[in-house]
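Visitor: File name start.cif; file contents mmCIF, C-alpha atoms; full text below.
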```cif
data_final
loop_
_atom_site.label_atom_id
_atom_site.label_comp_id
_atom_site.auth_asym_id
_atom_site.auth_seq_id
_atom_site.Cartn_x
_atom_site.Cartn_y
_atom_site.Cartn_z
CA MET Z 225 3.81 -171.73 286.45
CA THR Z 226 3.97 -167.96 286.35
CA GLU Z 227 5.62 -165.33 284.21
CA ALA Z 228 7.39 -163.75 287.17
CA THR Z 229 9.51 -166.80 287.95
CA GLY Z 230 10.43 -167.43 284.35
CA GLY Z 231 8.45 -170.62 284.28
CA ILE Z 232 10.30 -172.13 287.21
CA GLU Z 233 8.09 -173.68 289.84
CA MET Z 234 8.76 -171.87 293.09
CA GLU Z 235 8.57 -173.79 296.29
CA GLU Z 236 5.74 -172.89 298.54
CA ASP Z 237 6.75 -170.24 301.07
CA THR Z 238 7.33 -172.18 304.28
CA SER Z 239 9.22 -169.49 306.17
CA GLY Z 240 6.57 -169.23 308.86
CA LYS Z 241 6.09 -172.92 309.46
CA VAL Z 242 7.41 -174.28 312.71
CA LYS Z 243 8.49 -177.90 312.49
CA LYS Z 244 8.68 -180.42 315.28
CA PHE Z 245 12.25 -181.62 315.81
CA LEU Z 246 13.14 -184.52 318.07
CA TYR Z 247 16.75 -185.27 318.98
CA VAL Z 248 17.13 -188.88 320.07
CA ASN Z 249 20.13 -189.63 322.29
CA ARG Z 250 21.05 -193.27 322.83
CA LYS Z 251 24.74 -193.33 323.72
CA ALA Z 252 26.73 -192.89 326.92
CA PRO Z 253 28.04 -189.33 327.38
CA TYR Z 254 31.74 -190.13 327.06
CA GLY Z 255 33.73 -192.60 324.96
CA THR Z 256 32.15 -191.42 321.73
CA ILE Z 257 31.48 -187.92 320.45
CA TYR Z 258 27.75 -188.49 319.83
CA ALA Z 259 26.38 -186.96 323.02
CA LEU Z 260 28.40 -183.76 322.80
CA GLU Z 261 27.76 -183.39 319.07
CA SER Z 262 24.03 -183.82 319.60
CA LEU Z 263 24.04 -181.15 322.28
CA GLU Z 264 25.97 -178.76 320.03
CA VAL Z 265 23.56 -179.32 317.15
CA VAL Z 266 20.66 -178.64 319.51
CA LEU Z 267 22.23 -175.38 320.69
CA ILE Z 268 23.02 -174.21 317.17
CA ALA Z 269 19.63 -175.18 315.76
CA ALA Z 270 17.92 -173.35 318.64
CA ALA Z 271 18.49 -170.16 316.65
CA PHE Z 272 15.83 -171.33 314.17
CA ASP Z 273 12.98 -171.15 316.69
CA GLN Z 274 11.53 -174.56 315.94
CA ASP Z 275 9.54 -176.86 318.22
CA VAL Z 276 12.36 -178.87 319.78
CA SER Z 277 12.25 -181.94 322.02
CA LEU Z 278 15.06 -184.11 323.34
CA ALA Z 279 14.72 -187.80 324.15
CA PHE Z 280 17.14 -189.93 326.14
CA LEU Z 281 17.03 -193.71 325.71
CA ASP Z 282 19.28 -196.70 326.35
CA ASP Z 283 22.71 -195.56 327.65
CA GLY Z 284 21.73 -192.04 326.55
CA VAL Z 285 20.02 -191.60 329.91
CA TYR Z 286 23.49 -191.38 331.45
CA GLN Z 287 24.04 -188.09 329.58
CA VAL Z 288 21.70 -186.31 331.94
CA VAL Z 289 22.50 -187.86 335.32
CA LYS Z 290 23.74 -185.65 338.13
CA GLY Z 291 27.23 -185.78 339.56
CA GLN Z 292 29.38 -186.54 336.53
CA HIS Z 293 33.09 -186.41 337.30
CA THR Z 294 35.33 -186.56 334.26
CA LYS Z 295 38.72 -185.54 335.64
CA GLY Z 296 39.92 -189.14 335.65
CA ILE Z 297 39.33 -189.54 331.90
CA ASP Z 298 40.61 -186.03 331.09
CA VAL Z 299 37.60 -184.79 329.14
CA LYS Z 300 35.34 -181.84 329.78
CA ASN Z 301 32.22 -182.50 331.84
CA PHE Z 302 29.58 -180.90 329.63
CA SER Z 303 26.60 -182.04 331.66
CA PRO Z 304 26.03 -178.55 333.20
CA THR Z 305 25.21 -177.37 329.68
CA TYR Z 306 21.90 -179.29 329.78
CA ARG Z 307 20.87 -176.80 332.46
CA ALA Z 308 21.40 -173.97 329.94
CA LEU Z 309 18.80 -175.41 327.54
CA GLU Z 310 15.99 -173.63 329.34
CA GLY Z 311 17.58 -170.31 328.40
CA TYR Z 312 17.48 -171.46 324.78
CA ASP Z 313 13.72 -172.15 325.16
CA ILE Z 314 14.25 -175.90 324.95
CA GLU Z 315 12.13 -177.29 327.71
CA LYS Z 316 10.75 -180.59 326.41
CA LEU Z 317 13.11 -183.25 327.70
CA TYR Z 318 12.05 -186.90 327.84
CA VAL Z 319 13.60 -189.97 329.41
CA GLU Z 320 12.37 -193.43 328.52
CA LYS Z 321 11.16 -195.14 331.67
CA GLU Z 322 12.37 -198.64 330.74
CA SER Z 323 15.91 -197.42 329.98
CA MET Z 324 15.99 -195.47 333.23
CA GLU Z 325 14.79 -198.36 335.36
CA ALA Z 326 17.08 -200.90 333.69
CA ARG Z 327 20.00 -198.77 334.88
CA GLY Z 328 18.75 -198.39 338.42
CA LEU Z 329 18.03 -194.68 337.97
CA LYS Z 330 15.11 -192.61 339.19
CA GLU Z 331 13.57 -189.26 338.35
CA SER Z 332 15.55 -187.41 341.03
CA ASP Z 333 18.89 -188.57 339.54
CA PHE Z 334 18.69 -186.14 336.62
CA ILE Z 335 20.48 -182.82 336.32
CA VAL Z 336 17.36 -181.07 334.95
CA PRO Z 337 13.67 -181.91 335.30
CA MET Z 338 12.82 -184.74 332.90
CA LYS Z 339 9.52 -186.05 331.72
CA ILE Z 340 9.57 -189.81 332.23
CA ILE Z 341 7.58 -191.67 329.59
CA GLY Z 342 7.18 -195.35 328.71
CA ALA Z 343 8.36 -196.97 325.47
CA GLN Z 344 4.85 -196.89 324.03
CA GLU Z 345 4.46 -193.18 324.64
CA MET Z 346 7.99 -192.58 323.31
CA ALA Z 347 7.00 -194.30 320.07
CA GLY Z 348 4.02 -191.97 319.82
CA LEU Z 349 6.24 -188.95 320.46
CA MET Z 350 8.56 -190.03 317.62
CA GLN Z 351 5.60 -190.60 315.34
CA SER Z 352 4.31 -187.08 315.92
CA GLN Z 353 7.53 -185.33 314.78
CA ASP Z 354 8.38 -183.74 311.45
CA VAL Z 355 12.09 -184.43 311.88
CA VAL Z 356 13.82 -187.05 314.05
CA LEU Z 357 17.58 -186.83 314.44
CA SER Z 358 19.27 -189.81 316.04
CA PHE Z 359 22.59 -189.68 317.84
CA MET G 192 48.80 -164.99 317.36
CA PRO G 193 50.26 -164.72 320.88
CA ILE G 194 49.76 -161.59 322.96
CA THR G 195 52.14 -160.21 325.56
CA VAL G 196 50.85 -159.13 328.95
CA ALA G 197 53.19 -157.90 331.67
CA GLY G 198 56.13 -159.55 329.95
CA LYS G 199 54.37 -162.88 329.70
CA THR G 200 53.50 -164.42 326.34
CA ILE G 201 50.00 -165.83 326.11
CA GLU G 202 48.87 -168.17 323.35
CA THR G 203 45.71 -167.43 321.40
CA ASP G 204 44.10 -169.06 318.36
CA GLU G 205 44.00 -167.48 314.92
CA GLU G 206 40.94 -165.42 315.86
CA GLY G 207 42.47 -164.12 319.07
CA TYR G 208 40.64 -166.35 321.58
CA LEU G 209 42.74 -167.66 324.46
CA SER G 210 44.16 -171.12 323.87
CA ASN G 211 44.14 -171.80 327.59
CA ARG G 212 41.26 -170.36 329.57
CA THR G 213 43.26 -170.34 332.80
CA ASP G 214 45.63 -167.73 331.31
CA TRP G 215 42.91 -165.12 331.75
CA ASN G 216 43.08 -162.13 334.07
CA GLU G 217 41.84 -158.55 333.82
CA GLU G 218 45.10 -157.37 332.29
CA VAL G 219 44.75 -159.95 329.52
CA ALA G 220 41.26 -158.66 328.78
CA LYS G 221 42.52 -155.07 328.62
CA GLU G 222 45.34 -156.05 326.29
CA MET G 223 42.97 -157.91 323.94
CA ALA G 224 40.67 -154.90 323.89
CA LYS G 225 43.60 -152.61 323.12
CA VAL G 226 44.38 -154.64 320.00
CA ASP G 227 40.81 -153.87 318.83
CA ASN G 228 41.12 -150.18 319.83
CA CYS G 229 38.49 -150.71 322.49
CA ASP G 230 38.72 -149.04 325.89
CA LEU G 231 36.98 -151.18 328.49
CA SER G 232 34.43 -149.24 330.55
CA GLN G 233 32.42 -150.34 333.56
CA ASN G 234 29.63 -151.30 331.14
CA HIS G 235 31.98 -153.58 329.21
CA TRP G 236 33.12 -155.25 332.42
CA GLU G 237 29.53 -155.93 333.43
CA VAL G 238 29.05 -158.02 330.30
CA ILE G 239 32.47 -159.68 330.51
CA ASN G 240 31.92 -160.68 334.12
CA PHE G 241 28.44 -161.89 333.29
CA LEU G 242 29.85 -164.15 330.56
CA ARG G 243 32.48 -165.58 332.87
CA GLU G 244 29.81 -166.44 335.43
CA TYR G 245 27.61 -167.95 332.73
CA TYR G 246 30.47 -170.12 331.51
CA ASP G 247 31.32 -171.28 335.02
CA GLU G 248 27.76 -172.35 335.52
CA TYR G 249 26.91 -173.91 332.14
CA GLN G 250 30.30 -174.69 330.53
CA ILE G 251 29.37 -172.91 327.30
CA ALA G 252 29.43 -169.40 325.93
CA PRO G 253 25.82 -168.39 325.22
CA ALA G 254 24.42 -167.59 321.78
CA VAL G 255 23.83 -163.88 321.29
CA ARG G 256 20.05 -164.20 321.61
CA VAL G 257 20.42 -166.03 324.91
CA LEU G 258 23.02 -163.55 326.14
CA THR G 259 20.77 -160.60 325.34
CA LYS G 260 17.83 -162.15 327.17
CA ALA G 261 19.92 -163.13 330.19
CA ILE G 262 21.52 -159.68 330.44
CA GLY G 263 18.06 -158.13 330.35
CA LYS G 264 16.99 -160.35 333.21
CA LYS G 265 20.02 -159.47 335.30
CA LEU G 266 20.79 -155.85 334.42
CA GLY G 267 17.45 -154.56 333.17
CA PRO G 268 15.81 -154.02 329.77
CA ASP G 269 17.84 -150.88 328.96
CA LYS G 270 20.91 -153.16 328.81
CA GLY G 271 19.29 -156.35 327.59
CA ASN G 272 18.88 -155.29 323.98
CA SER G 273 20.92 -155.68 320.82
CA LYS G 274 21.46 -151.96 320.28
CA TYR G 275 23.09 -151.42 323.67
CA LEU G 276 25.24 -154.56 323.38
CA TYR G 277 26.35 -153.85 319.82
CA GLU G 278 27.35 -150.33 320.80
CA LEU G 279 29.58 -151.77 323.51
CA PHE G 280 30.90 -154.59 321.34
CA PRO G 281 30.65 -153.60 317.68
CA TYR G 282 32.24 -156.87 316.49
CA GLY G 283 29.25 -158.74 317.91
CA PRO G 284 28.52 -158.88 321.64
CA ALA G 285 28.84 -162.64 322.06
CA LYS G 286 31.90 -162.97 319.86
CA GLN G 287 33.89 -159.98 321.07
CA ALA G 288 32.91 -160.06 324.74
CA CYS G 289 33.63 -163.78 324.95
CA LYS G 290 37.09 -163.14 323.60
CA TYR G 291 37.84 -160.53 326.27
CA ALA G 292 36.33 -162.85 328.88
CA GLY G 293 38.82 -165.55 327.91
CA LEU G 294 36.10 -167.93 326.76
CA PRO G 295 35.97 -169.99 323.58
CA LYS G 296 34.03 -168.61 320.63
CA PRO G 297 30.32 -169.22 321.23
CA THR G 298 28.71 -172.25 319.65
CA GLY G 299 26.40 -171.44 316.78
CA CYS G 300 24.69 -168.15 316.23
CA VAL G 301 26.95 -165.36 317.41
#
```
Let's see the structure in the file written out as structure tokens.
Guide:
Amino acid sequence: MTEATGGIEMEEDTSGKVKKFLYVNRKAPYGTIYALESLEVVLIAAAFDQDVSLAFLDDGVYQVVKGQHTKGIDVKNFSPTYRALEGYDIEKLYVEKESMEARGLKESDFIVPMKIIGAQEMAGLMQSQDVVLSF
Amino acid sequence: MPITVAGKTIETDEEGYLSNRTDWNEEVAKEMAKVDNCDLSQNHWEVINFLREYYDEYQIAPAVRVLTKAIGKKLGPDKGNSKYLYELFPYGPAKQACKYAGLPKPTGCV
């Protein structure tokens, strides 16, 4: 306690601390709003210059496959936006190997370069984060 | 608030962004700028055209930080800085230039 703060405990100054954020994406790109909302949060939060990673698991791997055509369901194809992430300095993108293989996908099917990691390694990645946001 | 260009009424949202992106043409941009008392120079068009290309490629309007960096890459450091871009677009380069480019308001930090 100090005189200057009138006896109120001030929080430690954390303005310079970079936290590790992981955005976990588990749902198919269309049909629910989760994938698009996650991407928007990522783009907005990019302004805070944190250490950001994105992970794609389960049907979430479909968010980042090439050649999405959405005309038939009358929604915007936002998959090209994943290619803009590099410009936002978000370059750590992970796909879970088991989810990818279960859907008959391979590394060359993705719209941007992805790091393919197994479930075990994915668990470790999640463990190492300060903040995990699940969509 | 709709705007009128060459006798045609064009719908915009409450902040003046086009409701329908396909309504855009250069005359629309000029008319929007006129409302803001802004005379579009070659330097303005450089940024507007850049934004339209960016949107075509990535389907989003870039945040101002990303725009500044990308402009610097394409047009050189004397144009890729906040001072230059704010002088061209005093209401905020991403916000104002996106409006004239017929794009939606950028997501996040503008």
Visitor: Can you tell me which residues surround segment 208-223 of chain G at a distance of at most 7 Å, considering all atoms listed in the file, apart from same-chain residues fewer than 2 positions away, and format the answer as number ranges by chain?
Guide: G: 196, 202-204, 206, 225-227, 231, 290-295
Visitor: Export, as a CSV table (one decimal), keeping the file's coordinate frame, the selected residues with C-alpha atoms.
Guide:
```
chain,number,residue,atom,x,y,z
G,196,VAL,CA,50.8,-159.1,329.0
G,202,GLU,CA,48.9,-168.2,323.4
G,203,THR,CA,45.7,-167.4,321.4
G,204,ASP,CA,44.1,-169.1,318.4
G,206,GLU,CA,40.9,-165.4,315.9
G,225,LYS,CA,43.6,-152.6,323.1
G,226,VAL,CA,44.4,-154.6,320.0
G,227,ASP,CA,40.8,-153.9,318.8
G,231,LEU,CA,37.0,-151.2,328.5
G,290,LYS,CA,37.1,-163.1,323.6
G,291,TYR,CA,37.8,-160.5,326.3
G,292,ALA,CA,36.3,-162.8,328.9
G,293,GLY,CA,38.8,-165.6,327.9
G,294,LEU,CA,36.1,-167.9,326.8
G,295,PRO,CA,36.0,-170.0,323.6
```
Visitor: Could you please tell me, as a PyMOL selection string, which residues of chain G have an atom within 12 Å of chain Z when using all atoms listed in the file?
Guide: chain G and resi 245-262+264+297-301
Visitor: Nearest to Asn272 of chain G: which of G:Ser232, G:Glu237, G:Pro284, G:Arg243 is it, counting all atoms listed in the file?
Guide: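 Comparing G:Ser232, G:Glu237, G:Pro284, G:Arg243 against Asn272 of chain G, the winner is G:Pro284.
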Visitor: Counting all atoms listed in the file, note down every residue that has an atom within 9 Å of the point (32.7, -152.0, 324.1) (file coordinates), as a PyMOL selection string.
Guide: chain G and resi 224+229-232+234-236+276-281+284+287-288
Visitor: Using all atoms listed in the file, give me every residue within 10 Å of (9.8, -176.5, 318.3) in file coordinates, as an MDAnalysis selection string.
Guide: chainID Z and resid 242:246 270 272:277 313:316 353
Visitor: When the PyMOL selection byres ((chain Z and resi 289) around 12) is applied to the structure above, which residues does it catch, written out as an NGL selection string?
Guide: :Z and (252-253 or 280 or 283-288 or 290-293 or 301-304 or 306-307 or 319 or 324 or 327-338)
Visitor: Any idea what the distance is between atom CA of Asp269 of chain G and atom CA of Gly240 of chain Z?
Guide: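 It comes out at 29.5 Å.
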Visitor: Using all atoms listed in the file, which residues sit within 9 Å of segment 344-346 of chain Z once same-chain residues fewer than 4 positions away are excluded, as number ranges by chain?
Guide: Z: 279, 318-320, 350-351
Visitor: What gap, in Å, lies between atom CA of Asn249 of chain Z and atom CA of Val356 of chain Z?
Guide: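 If I compute the distance from atom CA of Asn249 of chain Z to atom CA of Val356 of chain Z, I get 10.7 Å.
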Visitor: In Å, how far is it from atom CA of Tyr254 of chain Z to atom CA of Leu281 of chain Z?
Guide: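 Here the two named atoms are 15.2 Å from each other.
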